[in-house]
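*Asks:* Here you go, this is query-v7.txt (compact mmCIF, C-alpha atoms and all ligand atoms).
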```txt
# COMPACT_ATOMS: atom_id res chain seq x y z
CA MET A 237 -160.37 11.17 14.61
CA LEU A 238 -158.84 11.35 11.12
CA GLY A 239 -158.63 7.60 10.84
CA SER A 240 -155.23 5.98 10.63
CA TYR A 241 -153.72 4.06 7.74
CA ARG A 242 -150.14 3.86 9.12
CA ASN A 243 -148.03 5.10 12.01
CA LYS A 244 -144.72 5.58 10.21
CA LEU A 245 -143.92 7.28 6.92
CA PRO A 246 -141.12 6.86 4.36
CA ALA A 247 -139.30 10.20 4.18
CA TYR A 248 -137.17 12.04 1.61
CA ALA A 249 -134.40 14.51 2.21
CA SER A 250 -135.50 17.67 0.38
CA THR A 251 -132.51 19.94 -0.19
CA TYR A 252 -132.35 23.67 0.12
CA HIS A 253 -131.63 25.46 -3.17
CA GLY A 254 -128.25 25.25 -4.84
CA ASP A 255 -125.90 28.11 -3.93
CA ARG A 256 -122.55 29.56 -5.06
CA ASN A 257 -121.10 29.83 -1.62
CA GLY A 258 -119.64 26.55 -0.43
CA GLY A 259 -122.87 24.62 0.27
CA LEU A 260 -124.72 22.82 -2.53
CA ASP A 261 -122.63 24.69 -5.09
CA SER A 262 -121.86 21.92 -7.61
CA LYS A 263 -123.13 18.59 -8.89
CA GLU A 264 -120.41 16.96 -6.78
CA ALA A 265 -121.72 18.71 -3.66
CA PHE A 266 -125.27 17.54 -4.37
CA SER A 267 -124.08 13.97 -4.93
CA SER A 268 -121.99 13.78 -1.80
CA PHE A 269 -124.85 15.27 0.23
CA ALA A 270 -127.17 12.58 -1.22
CA GLU A 271 -124.67 9.96 -0.01
CA GLU A 272 -124.69 11.59 3.45
CA CYS A 273 -128.49 11.38 3.51
CA TYR A 274 -128.36 7.74 2.46
CA ASP A 275 -125.99 7.03 5.37
CA LEU A 276 -128.50 8.70 7.75
CA GLY A 277 -131.18 6.25 6.54
CA TYR A 278 -132.93 8.16 3.74
CA ARG A 279 -133.94 6.09 0.75
CA ALA A 280 -135.29 9.06 -1.23
CA PHE A 281 -133.77 12.45 -2.12
CA LYS A 282 -135.10 15.58 -3.80
CA ILE A 283 -133.04 18.28 -5.47
CA HIS A 284 -133.99 21.97 -5.37
CA GLY A 285 -131.72 23.41 -8.04
CA TRP A 286 -130.18 26.86 -8.52
CA HIS A 287 -132.16 30.10 -8.72
CA GLU A 288 -130.49 30.95 -12.03
CA GLY A 289 -132.53 28.20 -13.69
CA ASN A 290 -129.82 27.18 -16.17
CA ALA A 291 -131.39 24.12 -17.86
CA LYS A 292 -128.05 22.61 -18.88
CA GLU A 293 -126.64 22.93 -15.35
CA GLU A 294 -129.83 21.49 -13.81
CA ALA A 295 -129.80 18.53 -16.21
CA GLU A 296 -126.11 17.82 -15.57
CA ASN A 297 -126.72 17.95 -11.82
CA LEU A 298 -129.68 15.56 -11.81
CA LEU A 299 -127.83 13.11 -14.08
CA HIS A 300 -124.75 13.21 -11.84
CA VAL A 301 -126.79 12.60 -8.67
CA ALA A 302 -128.56 9.68 -10.40
CA LYS A 303 -125.22 8.23 -11.47
CA THR A 304 -123.99 8.41 -7.87
CA VAL A 305 -127.00 7.20 -5.85
CA GLY A 306 -129.69 6.32 -8.40
CA ASP A 307 -129.30 2.58 -7.84
CA LYS A 308 -130.16 2.88 -4.12
CA MET A 309 -132.32 6.02 -3.72
CA THR A 310 -135.60 7.20 -5.23
CA LEU A 311 -134.89 10.60 -6.81
CA MET A 312 -137.05 13.65 -7.43
CA ILE A 313 -136.31 17.16 -8.67
CA ASP A 314 -138.08 20.43 -7.92
CA PRO A 315 -136.78 23.40 -9.91
CA ALA A 316 -139.40 25.40 -7.95
CA CYS A 317 -140.44 27.32 -11.09
CA GLN A 318 -136.91 28.66 -11.65
CA LEU A 319 -136.42 27.33 -15.19
CA ARG A 320 -137.34 30.25 -17.44
CA THR A 321 -139.14 28.64 -20.41
CA PHE A 322 -141.25 25.66 -21.43
CA ALA A 323 -138.31 24.54 -23.60
CA ASP A 324 -136.10 24.49 -20.49
CA ALA A 325 -138.70 22.33 -18.72
CA LEU A 326 -138.68 19.92 -21.69
CA TYR A 327 -134.87 19.75 -21.67
CA VAL A 328 -134.71 18.97 -17.95
CA GLY A 329 -137.67 16.58 -18.32
CA HIS A 330 -135.81 14.54 -20.93
CA ALA A 331 -132.83 14.28 -18.56
CA CYS A 332 -135.24 13.04 -15.85
CA ASP A 333 -136.45 10.40 -18.31
CA ASP A 334 -132.87 9.25 -18.99
CA ALA A 335 -132.08 9.08 -15.26
CA GLY A 336 -135.37 7.48 -14.14
CA TYR A 337 -136.59 10.24 -11.81
CA PHE A 338 -139.67 9.48 -9.71
CA TRP A 339 -141.18 12.93 -10.31
CA LEU A 340 -140.49 16.36 -11.80
CA GLU A 341 -142.12 19.15 -9.79
CA ASP A 342 -142.96 22.75 -10.71
CA PRO A 343 -140.34 22.92 -13.44
CA TYR A 344 -140.67 26.39 -14.93
CA ARG A 345 -141.81 29.94 -14.72
CA ASP A 346 -145.43 29.67 -15.55
CA SER A 347 -145.32 29.61 -11.71
CA GLY A 348 -146.82 26.12 -11.68
CA VAL A 349 -150.36 27.13 -12.61
CA SER A 350 -150.86 26.32 -16.32
CA SER A 351 -152.76 23.04 -16.70
CA PHE A 352 -152.52 23.36 -20.51
CA ALA A 353 -148.72 23.66 -20.53
CA HIS A 354 -148.18 20.80 -18.08
CA LYS A 355 -150.49 18.58 -20.11
CA ARG A 356 -148.25 19.34 -23.11
CA LEU A 357 -145.19 18.56 -21.00
CA ARG A 358 -146.71 15.26 -19.83
CA GLU A 359 -147.32 14.32 -23.49
CA SER A 360 -143.62 14.90 -24.28
CA ILE A 361 -141.81 13.23 -21.38
CA LYS A 362 -142.15 9.95 -19.46
CA THR A 363 -141.33 11.21 -15.96
CA PRO A 364 -144.44 11.83 -13.83
CA ILE A 365 -145.21 15.49 -13.10
CA LEU A 366 -146.07 16.79 -9.61
CA GLN A 367 -148.06 20.04 -9.78
CA THR A 368 -150.56 22.02 -7.70
CA GLU A 369 -148.34 23.23 -4.83
CA HIS A 370 -149.18 26.69 -6.20
CA VAL A 371 -152.80 25.89 -7.06
CA ARG A 372 -154.58 26.23 -3.73
CA GLY A 373 -157.75 24.58 -2.52
CA ILE A 374 -159.86 21.67 -3.70
CA GLU A 375 -161.82 23.19 -6.61
CA PRO A 376 -158.84 24.60 -8.60
CA LYS A 377 -156.89 21.37 -7.97
CA ALA A 378 -159.82 19.33 -9.32
CA ASP A 379 -159.91 21.53 -12.44
CA PHE A 380 -156.14 21.18 -12.91
CA LEU A 381 -156.28 17.39 -12.58
CA ILE A 382 -159.27 16.95 -14.90
CA ALA A 383 -157.54 19.15 -17.50
CA GLY A 384 -154.67 16.62 -17.53
CA GLY A 385 -152.08 18.97 -16.00
CA THR A 386 -150.51 16.62 -13.46
CA ASP A 387 -149.78 13.02 -12.47
CA PHE A 388 -149.58 13.67 -8.70
CA LEU A 389 -151.55 16.21 -6.66
CA ARG A 390 -149.97 18.36 -3.91
CA SER A 391 -151.58 18.91 -0.51
CA ASP A 392 -150.45 20.97 2.49
CA PRO A 393 -152.43 21.46 5.71
CA GLU A 394 -150.99 24.99 5.98
CA TYR A 395 -151.51 26.10 2.35
CA ASP A 396 -154.74 24.24 1.59
CA MET A 397 -157.13 25.29 4.33
CA GLY A 398 -156.07 23.18 7.26
CA ILE A 399 -156.17 19.47 8.00
CA THR A 400 -159.76 19.37 6.74
CA GLY A 401 -158.76 20.97 3.43
CA ALA A 402 -155.73 18.69 3.05
CA MET A 403 -157.86 15.58 3.64
CA LYS A 404 -160.42 16.74 1.08
CA ILE A 405 -157.59 16.87 -1.47
CA ALA A 406 -156.43 13.39 -0.38
CA HIS A 407 -159.91 12.08 -1.11
CA LEU A 408 -160.17 14.05 -4.35
CA GLY A 409 -157.03 12.23 -5.51
CA GLU A 410 -158.33 8.90 -4.25
CA SER A 411 -161.58 9.31 -6.17
CA PHE A 412 -159.54 9.62 -9.40
CA GLY A 413 -157.07 6.87 -8.48
CA ILE A 414 -154.32 9.50 -8.11
CA ASP A 415 -151.60 9.81 -5.46
CA VAL A 416 -151.37 12.98 -3.36
CA GLU A 417 -147.96 14.10 -2.05
CA VAL A 418 -147.96 16.14 1.16
CA HIS A 419 -145.90 19.34 0.89
CA ALA A 420 -143.29 20.15 3.59
CA CYS A 421 -143.18 18.83 7.15
CA GLY A 422 -144.69 19.18 10.61
CA PRO A 423 -146.95 17.30 13.03
CA ALA A 424 -150.14 18.11 11.05
CA HIS A 425 -148.45 16.96 7.82
CA ARG A 426 -147.54 13.63 9.45
CA HIS A 427 -151.11 13.08 10.68
CA VAL A 428 -152.56 13.87 7.25
CA MET A 429 -150.18 11.50 5.47
CA GLY A 430 -150.67 8.86 8.19
CA ALA A 431 -154.39 8.93 7.45
CA MET A 432 -153.85 8.48 3.67
CA ARG A 433 -153.25 5.36 1.62
CA ASN A 434 -152.55 7.22 -1.64
CA SER A 435 -149.31 9.02 -0.73
CA ASN A 436 -145.69 8.02 -1.16
CA PHE A 437 -143.14 10.18 0.70
CA TYR A 438 -142.88 12.60 3.64
CA GLU A 439 -140.85 15.73 2.83
CA VAL A 440 -138.09 16.64 5.31
CA ALA A 441 -137.57 20.18 4.01
CA LEU A 442 -135.22 22.00 3.66
CA VAL A 443 -131.87 20.39 4.46
CA GLY A 444 -128.29 20.71 3.30
CA PRO A 445 -124.67 20.35 4.40
CA ASP A 446 -124.25 22.19 7.73
CA SER A 447 -127.99 23.06 7.66
CA PRO A 448 -130.01 20.42 9.52
CA ASN A 449 -133.32 22.18 8.67
CA THR A 450 -135.06 25.53 8.81
CA MET A 451 -137.79 24.45 11.25
CA ALA A 452 -137.91 26.39 14.53
CA PRO A 453 -137.37 24.30 17.71
CA VAL A 454 -140.88 24.90 19.07
CA TYR A 455 -141.49 21.46 20.67
CA GLU A 456 -140.63 20.27 24.15
CA CYS A 457 -141.59 16.60 23.67
CA GLY A 458 -138.70 15.48 21.49
CA TYR A 459 -140.60 15.94 18.21
CA THR A 460 -138.24 16.96 15.42
CA ASP A 461 -138.10 17.52 11.68
CA MET A 462 -134.33 18.02 11.69
CA ILE A 463 -132.31 16.05 9.15
CA ASP A 464 -131.66 13.23 11.63
CA CYS A 465 -135.38 12.64 12.34
CA VAL A 466 -135.47 9.41 10.28
CA ASP A 467 -134.79 5.89 11.51
CA LYS A 468 -132.20 3.64 9.86
CA ASP A 469 -134.69 2.68 7.13
CA GLY A 470 -135.63 6.30 6.35
CA TYR A 471 -138.98 6.44 8.18
CA VAL A 472 -140.47 9.05 10.54
CA LYS A 473 -143.15 8.33 13.13
CA VAL A 474 -146.62 9.85 13.27
CA PRO A 475 -146.90 11.46 16.73
CA GLU A 476 -149.20 9.72 19.22
CA GLY A 477 -151.50 11.28 21.82
CA PRO A 478 -154.38 13.76 21.73
CA GLY A 479 -154.51 16.58 19.17
CA LEU A 480 -151.39 16.78 17.05
CA GLY A 481 -149.59 14.54 19.56
CA VAL A 482 -146.90 17.11 20.36
CA ILE A 483 -146.27 19.54 23.22
CA TYR A 484 -145.35 23.08 22.19
CA ASP A 485 -142.62 25.02 24.00
CA TRP A 486 -144.67 28.17 24.63
CA ASN A 487 -141.81 29.87 26.48
CA PHE A 488 -139.63 29.60 23.37
CA ILE A 489 -142.50 30.64 21.10
CA LYS A 490 -143.42 33.69 23.23
CA ALA A 491 -139.78 34.73 23.62
CA ASN A 492 -139.29 34.62 19.83
CA THR A 493 -142.66 35.93 18.59
CA LYS A 494 -142.21 38.59 15.88
CA ALA A 495 -145.87 38.94 14.83
CA LEU A 496 -149.22 37.52 15.87
CA THR A 497 -152.33 36.97 13.75
CA VAL A 498 -155.57 35.74 15.32
CA TYR A 499 -158.23 34.09 13.14
CA GLU A 500 -161.70 34.13 14.65
MG MG A 601 -142.12 22.30 -4.33
```
Translate the structure of the given file into structure tokens.
Ligand SMILES: [Mg+2]

*Replies:*
Amino acid sequence: MLGSYRNKLPAYASTYHGDRNGGLDSKEAFSSFAEECYDLGYRAFKIHGWHEGNAKEEAENLLHVAKTVGDKMTLMIDPACQLRTFADALYVGHACDDAGYFWLEDPYRDSGVSSFAHKRLRESIKTPILQTEHVRGIEPKADFLIAGGTDFLRSDPEYDMGITGAMKIAHLGESFGIDVEVHACGPAHRHVMGAMRNSNFYEVALVGPDSPNTMAPVYECGYTDMIDCVDKDGYVKVPEGPGLGVIYDWNFIKANTKALTVYE
């Protein structure tokens, strides 16, 4: 019903945030985890840095990861608005330029909503910017794009008013010749991206050493967004069949329900 452009999607391993507790707690840990992801089949990797937002530490980390796997993986970084100032975003942006990052996403603590500031950032660095995860719905995203605040648009069928809303944003991007990157993972996300030409990578989020993902095991048909969901070339399949193409495990869902909201 959506129309189909493709039935498999190139995926990236999207890490959980850096920690100080034996997980992704150093640039060496990030690099060796990137190597692990490469061995699983991933050909793209995205860093979520530390909550402290230390620009020097973030820059050193992204440069080290690029030195380790940059010749064989496409790299992105998402400080998730944890860098404190515009100057920090510039500093990390220049490191992205040096290392050839594919995109820089939500760098600093304007909370990802200032089109003016990100236009200024785009004028100062070469690395493409990915904004509008925190700018919800088609009209504000159109304003942000027209104001020059981003290179890529973000779209999410959960954040942006369903599959219909996410597809409107896909077509908004297409009408401007812009790519739209789908945020996070799930069956609806795969269908949306499968129906789009102008999108590059599927986000397997959030993964790390000893943490195969945070997605609940709510399917009984073998569908998975765990870290090992990619094939040897780093692709995931778009589910087939009616609806979302998956069968939900309602026994598991009912047994683990903590709250219920009904929209009518
Ligand atoms: Mg993000």

*Asks:* Show me which residues sit within 9 Å of ligand MG 601 (chain A) when counting only C-alpha atoms and all ligand atoms, and put them as a compact mmCIF listing (two decimals) with C-alpha atoms, in the coordinates of the input.

*Replies:*
```
# COMPACT_ATOMS: atom_id res chain seq x y z
CA HIS A 284 -133.99 21.97 -5.37
CA ILE A 313 -136.31 17.16 -8.67
CA ASP A 314 -138.08 20.43 -7.92
CA PRO A 315 -136.78 23.40 -9.91
CA ALA A 316 -139.40 25.40 -7.95
CA CYS A 317 -140.44 27.32 -11.09
CA GLU A 341 -142.12 19.15 -9.79
CA ASP A 342 -142.96 22.75 -10.71
CA LEU A 366 -146.07 16.79 -9.61
CA GLN A 367 -148.06 20.04 -9.78
CA GLU A 369 -148.34 23.23 -4.83
CA HIS A 370 -149.18 26.69 -6.20
CA ARG A 390 -149.97 18.36 -3.91
CA HIS A 419 -145.90 19.34 0.89
CA ALA A 420 -143.29 20.15 3.59
```

*Asks:* Which residues of region 368-436 of chain A sit at most 7 Å from region 455-479 of chain A, using only C-alpha atoms? Give each one's shortest atom pair and distance in Å (one decimal place), in chain and ascending residue order, as a Markdown table.

*Replies:*
```
| residue | atom | partner | partner_atom | distance |
| --- | --- | --- | --- | --- |
| A:Cys421 | CA | A:Asp461 | CA | 6.9 |
| A:Gly422 | CA | A:Asp461 | CA | 6.9 |
| A:Pro423 | CA | A:Pro475 | CA | 6.9 |
| A:Arg426 | CA | A:Val474 | CA | 5.5 |
| A:His427 | CA | A:Val474 | CA | 6.1 |
| A:Gly430 | CA | A:Val474 | CA | 6.6 |
```

*Asks:* With C-alpha atoms kept, could you save the residues just selected as a compact mmCIF listing (two decimals), keeping the file's coordinate frame?

*Replies:*
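Generated output (selection-v9.txt):
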```txt
# COMPACT_ATOMS: atom_id res chain seq x y z
CA CYS A 421 -143.18 18.83 7.15
CA GLY A 422 -144.69 19.18 10.61
CA PRO A 423 -146.95 17.30 13.03
CA ARG A 426 -147.54 13.63 9.45
CA HIS A 427 -151.11 13.08 10.68
CA GLY A 430 -150.67 8.86 8.19
```

*Asks:* Quick one: everything within 8 Å of Ala441 (chain A), counting only C-alpha atoms, minus sequence neighbours fewer than 4 positions away in the same chain. Send it as a ChimeraX atom specification.

*Replies:* /A:249-252,420-421,449-450

*Asks:* Using all atoms listed in the file, can you list as a ChimeraX atom specification the residues within 8 Å of (-153.2, 20.0, -4.2)?

*Replies:* /A:367-369,371-374,377,389-392,396,402,405,416

*Asks:* Residues as selected, C-alpha atoms, written as a PDB file, in the frame of the given file, can you do that?

*Replies:*
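out-v3.pdb written:
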```
ATOM      1  CA  GLN A 367    -148.060  20.040  -9.780  1.00  0.00           C
ATOM      2  CA  THR A 368    -150.560  22.020  -7.700  1.00  0.00           C
ATOM      3  CA  GLU A 369    -148.340  23.230  -4.830  1.00  0.00           C
ATOM      4  CA  VAL A 371    -152.800  25.890  -7.060  1.00  0.00           C
ATOM      5  CA  ARG A 372    -154.580  26.230  -3.730  1.00  0.00           C
ATOM      6  CA  GLY A 373    -157.750  24.580  -2.520  1.00  0.00           C
ATOM      7  CA  ILE A 374    -159.860  21.670  -3.700  1.00  0.00           C
ATOM      8  CA  LYS A 377    -156.890  21.370  -7.970  1.00  0.00           C
ATOM      9  CA  LEU A 389    -151.550  16.210  -6.660  1.00  0.00           C
ATOM     10  CA  ARG A 390    -149.970  18.360  -3.910  1.00  0.00           C
ATOM     11  CA  SER A 391    -151.580  18.910  -0.510  1.00  0.00           C
ATOM     12  CA  ASP A 392    -150.450  20.970   2.490  1.00  0.00           C
ATOM     13  CA  ASP A 396    -154.740  24.240   1.590  1.00  0.00           C
ATOM     14  CA  ALA A 402    -155.730  18.690   3.050  1.00  0.00           C
ATOM     15  CA  ILE A 405    -157.590  16.870  -1.470  1.00  0.00           C
ATOM     16  CA  VAL A 416    -151.370  12.980  -3.360  1.00  0.00           C
TER      17      VAL A 416
END
```

*Asks:* How far is it from CA of Asn243 (chain A) to CA of Ala406 (chain A), in Å with one decimal?

*Replies:*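 It comes out at 17.1 Å.
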
*Asks:* Extending 3 Å beyond the listed atoms of region 245-260 of chain A on each side, what axis-aligned box results? I want centre and edge lengths in Å to one decimal, as lines of an AutoDock Vina configuration file.

*Replies:*
```
center_x = -131.8
center_y = 18.3
center_z = 0.9
size_x = 30.3
size_y = 29.0
size_z = 18.0
```

*Asks:* For Lys303 (chain A), which residue among A:Ser267, A:Ser351, A:Asn290, A:Ser240 is the nearest when counting all atoms listed in the file?

*Replies:*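 Ranking A:Ser267, A:Ser351, A:Asn290, A:Ser240 by distance to Lys303 (chain A), first place goes to A:Ser267.
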
*Asks:* For a quick check of understanding, using all atoms listed in the file, which of A:Thr497, A:Trp286, A:Leu326, A:Gly277 has the smallest distance to Arg256 (chain A)?

*Replies:*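 Ranked by minimum distance to Arg256 (chain A), first place goes to A:Trp286.
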
*Asks:* Between CA of Val328 (chain A) and CA of Asp307 (chain A), measure the distance and give it in Å to one decimal.

*Replies:*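 Separating CA of Val328 (chain A) from CA of Asp307 (chain A) is a distance of 20.0 Å.
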
*Asks:* Could you please determine the separation between CA of Ile414 (chain A) and CA of Phe380 (chain A) in Å, to one decimal place?

*Replies:*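 So the answer is 12.8 Å.
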
*Asks:* Write out as a Markdown table the residues of region 336-417 of chain A that have any atom within 12 Å of an atom of region 295-301 of chain A, one row each with the nearest atom pair and its distance in Å to one decimal, counting only C-alpha atoms, sorted by chain and then rising number.

*Replies:*
```
| residue | atom | partner | partner_atom | distance |
| --- | --- | --- | --- | --- |
| A:Gly336 | CA | A:Leu299 | CA | 9.4 |
| A:Tyr337 | CA | A:Leu298 | CA | 8.7 |
| A:Phe338 | CA | A:Leu298 | CA | 11.9 |
| A:Trp339 | CA | A:Leu298 | CA | 11.9 |
| A:Leu340 | CA | A:Leu298 | CA | 10.8 |
| A:Pro343 | CA | A:Ala295 | CA | 11.7 |
```

*Asks:* Using all atoms listed in the file, which of the listed residues (A:Asp333, A:Leu260, A:Glu410, A:Tyr278) sits closest to Ser435 (chain A)?

*Replies:*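 Ranking A:Asp333, A:Leu260, A:Glu410, A:Tyr278 by distance to Ser435 (chain A), first place goes to A:Glu410.
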